[in-house]
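Participant: The structure follows.
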Amino acid sequence: MEEIYFLTFREAKIILLSRGEVRVNLDLRKTNRSHVVLVREDKVVFPDGSEVEKDILKRIAKDENTVYFLSKGQLYKAAIAADGFYKLVPTIPPTIEINGIRMHRTKDTNPLKDTRSKVEAVNPREGEFVLDTCMGLGYTAIESAKRGAYVITIEKDPNVIELARLNPWSREVFTSQNIQLIQGDAFEVIKRFNDKSFDVIIHDPPRFSLAGHLYSEEFYAELFRVLKPKGRLFHYVGNPGKKYRKKDLQRGVMERLRKVGFKGVKRVEEALGVVALKP
């Protein structure tokens with residue numbers, strides 16, 4: 001199996017400060033494993049013999065917002081230019097940025113802490129069935145599966161799935177026997193599930209302006225239908241527009257959840273979301 005080496009501004013700086021042999025982590029700090037890299041006068045030699053000029057490493061060292069990777073002797077950005085611009089951002093663990101919008105909270109936290117706050121709001125347990133409506137990089141699905149739950153995760157965007165396949169931190173999405181990935185729009189995919197199929201739902205949709213249908217009463221009714229009695233829902237909302245336009249999106253979400261039958265609807269401030277129960 002081909003090994004891919006990942007580089008960010010951190011590794012580039014370490015290498016440029018070194019001479020001769022230096023050990024660096026090349027999997028975005030997913031593990032503590034390190035590789036020996038040879039630092040020569042004008043280039044750097046990686047374990048598979050691939051060479052990267054120091055001038056290129058100097059440019060990477062100045063780029064704190066992009067992940068690079070070395071594959072089959074070629075250096076690439078972990079980015080996709082499609083209908084929009086998608087890239088991995090070198091937070092630890094990485095997040096995805098789509099047209100300048102980051103998928104996870106990164107201010108005063110990191111994507112792993114952000115994920116755990118959402119998962120802990122509904123606390124999936126061993127043997128439970130979890131619906132993760134919007135996979136992204138799969139951190140929510142992975143964290144739930146680590147607790148022994150069986151997870152069905154949905155992702156609409158093939159570009160996001162491609163970056164998840166590249167990201168070392170997302171590997172368990174594609175290897176865990178407890179995770180099943182469905183590509184599609186959650187608004188349509190959810191209609192395939194039987195009534196009372198899931199113990200837990202984690203709904204972490206894109207912002208309202210990009211996916212308003214996933215905040216609709218119609219979709220919430222489907223969430224209610226597929227959830228088992230006494231099942232738990234966490235819905236990430238964030239606070240878009242609240243500070244500047246006096247809007248409270250969470251309040252509207254809570255009202256619509258109650259309208260379709262959810263009880264115990266309340267805010268979870270540390271996760272910037274809402275929890276609800278099915279009676």
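Residue numbers start at 1 in each chain; chains themselves are named A, B, ... in the order of the structure tokens; ligands are numbered from 1 in the order shown.
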Give me every strand (DSSP E or B) residue in segment 49-251 of chain A, going by DSSP on the backbone, as a VMD selection string.

Facilitator: chain A and resid 51 to 53 68 to 71 74 to 77 79 to 81 85 to 89 95 to 98 101 to 102 129 to 132 150 to 155 179 to 183 198 to 203 227 to 236

Participant: Give me the residues near Ala186 of chain A as a list in words, where near means some atom within 8 Å (using only C-alpha atoms) and where sequence neighbours in that chain fewer than 4 positions away do not count.

Facilitator: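 In the requested format, the answer is Thr133, Cys134, Ile154, Glu155, Lys156, Ile190 and Leu214 of chain A.
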
Participant: Keeping N, CA, C and O atoms for every residue in the selection just given, could you write it to a file as a PDB file, in the first residue's frame?

Facilitator:
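Written output follows (out-v4.pdb):
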```
ATOM      1  N   THR A 133     -26.511  12.741  10.358  1.00  0.00           N
ATOM      2  CA  THR A 133     -27.147  13.200   9.113  1.00  0.00           C
ATOM      3  C   THR A 133     -26.194  13.855   8.124  1.00  0.00           C
ATOM      4  O   THR A 133     -26.459  13.835   6.925  1.00  0.00           O
ATOM      5  N   CYS A 134     -25.108  14.442   8.613  1.00  0.00           N
ATOM      6  CA  CYS A 134     -24.214  15.209   7.724  1.00  0.00           C
ATOM      7  C   CYS A 134     -22.772  14.892   8.106  1.00  0.00           C
ATOM      8  O   CYS A 134     -22.208  15.506   9.015  1.00  0.00           O
ATOM      9  N   ILE A 154     -24.463  10.088   6.668  1.00  0.00           N
ATOM     10  CA  ILE A 154     -24.883  10.532   5.337  1.00  0.00           C
ATOM     11  C   ILE A 154     -24.042  11.733   4.929  1.00  0.00           C
ATOM     12  O   ILE A 154     -23.837  12.655   5.716  1.00  0.00           O
ATOM     13  N   GLU A 155     -23.572  11.743   3.693  1.00  0.00           N
ATOM     14  CA  GLU A 155     -22.856  12.907   3.162  1.00  0.00           C
ATOM     15  C   GLU A 155     -23.280  13.157   1.715  1.00  0.00           C
ATOM     16  O   GLU A 155     -23.200  12.257   0.880  1.00  0.00           O
ATOM     17  N   LYS A 156     -23.709  14.353   1.454  1.00  0.00           N
ATOM     18  CA  LYS A 156     -24.205  14.722   0.128  1.00  0.00           C
ATOM     19  C   LYS A 156     -23.088  15.000  -0.868  1.00  0.00           C
ATOM     20  O   LYS A 156     -23.183  14.644  -2.040  1.00  0.00           O
ATOM     21  N   ILE A 190     -33.330  10.126   4.372  1.00  0.00           N
ATOM     22  CA  ILE A 190     -34.050   9.767   5.600  1.00  0.00           C
ATOM     23  C   ILE A 190     -35.395   9.110   5.306  1.00  0.00           C
ATOM     24  O   ILE A 190     -35.899   8.312   6.100  1.00  0.00           O
ATOM     25  N   LEU A 214     -32.791  21.533   5.572  1.00  0.00           N
ATOM     26  CA  LEU A 214     -32.438  20.669   6.700  1.00  0.00           C
ATOM     27  C   LEU A 214     -32.794  21.299   8.051  1.00  0.00           C
ATOM     28  O   LEU A 214     -32.544  20.710   9.100  1.00  0.00           O
TER      29      LEU A 214
END
```

Participant: Quick one: everything within 9 Å of Asn167 of chain A, counting only C-alpha atoms, minus sequence neighbours fewer than 2 positions away in the same chain. Send it as a ChimeraX atom specification.

Facilitator: /A:27-28,78,88,94,137,162-165,169-171

Participant: Find, counting only C-alpha atoms, the residue in A:Val130, A:Val67, A:Val151, A:Val260 that gets nearest to Phe234 of chain A.

Facilitator: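 Nearest to Phe234 of chain A: A:Val130.
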
Participant: How many Å lie between atom CA of Gly231 of chain A and atom CA of Leu210 of chain A, rounded to one decimal?

Facilitator: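 Atom-to-atom, atom CA of Gly231 of chain A to atom CA of Leu210 of chain A, that is 27.6 Å.
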
Participant: I'd like the contact shell of Val275 of chain A - 12 Å cut-off, only C-alpha atoms, skipping same-chain residues fewer than 2 positions apart - returned as an MDAnalysis selection string.

Facilitator: chainID A and resid 117:123 200:204 231:237 250 253:254 257:258 262:273 277:278

Participant: Between atom CA of Phe69 of chain A and atom CA of Leu26 of chain A, what distance in Å does the model show, to one decimal?

Facilitator: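 Atom CA of Leu26 of chain A lies at a distance of 8.9 Å from atom CA of Phe69 of chain A.
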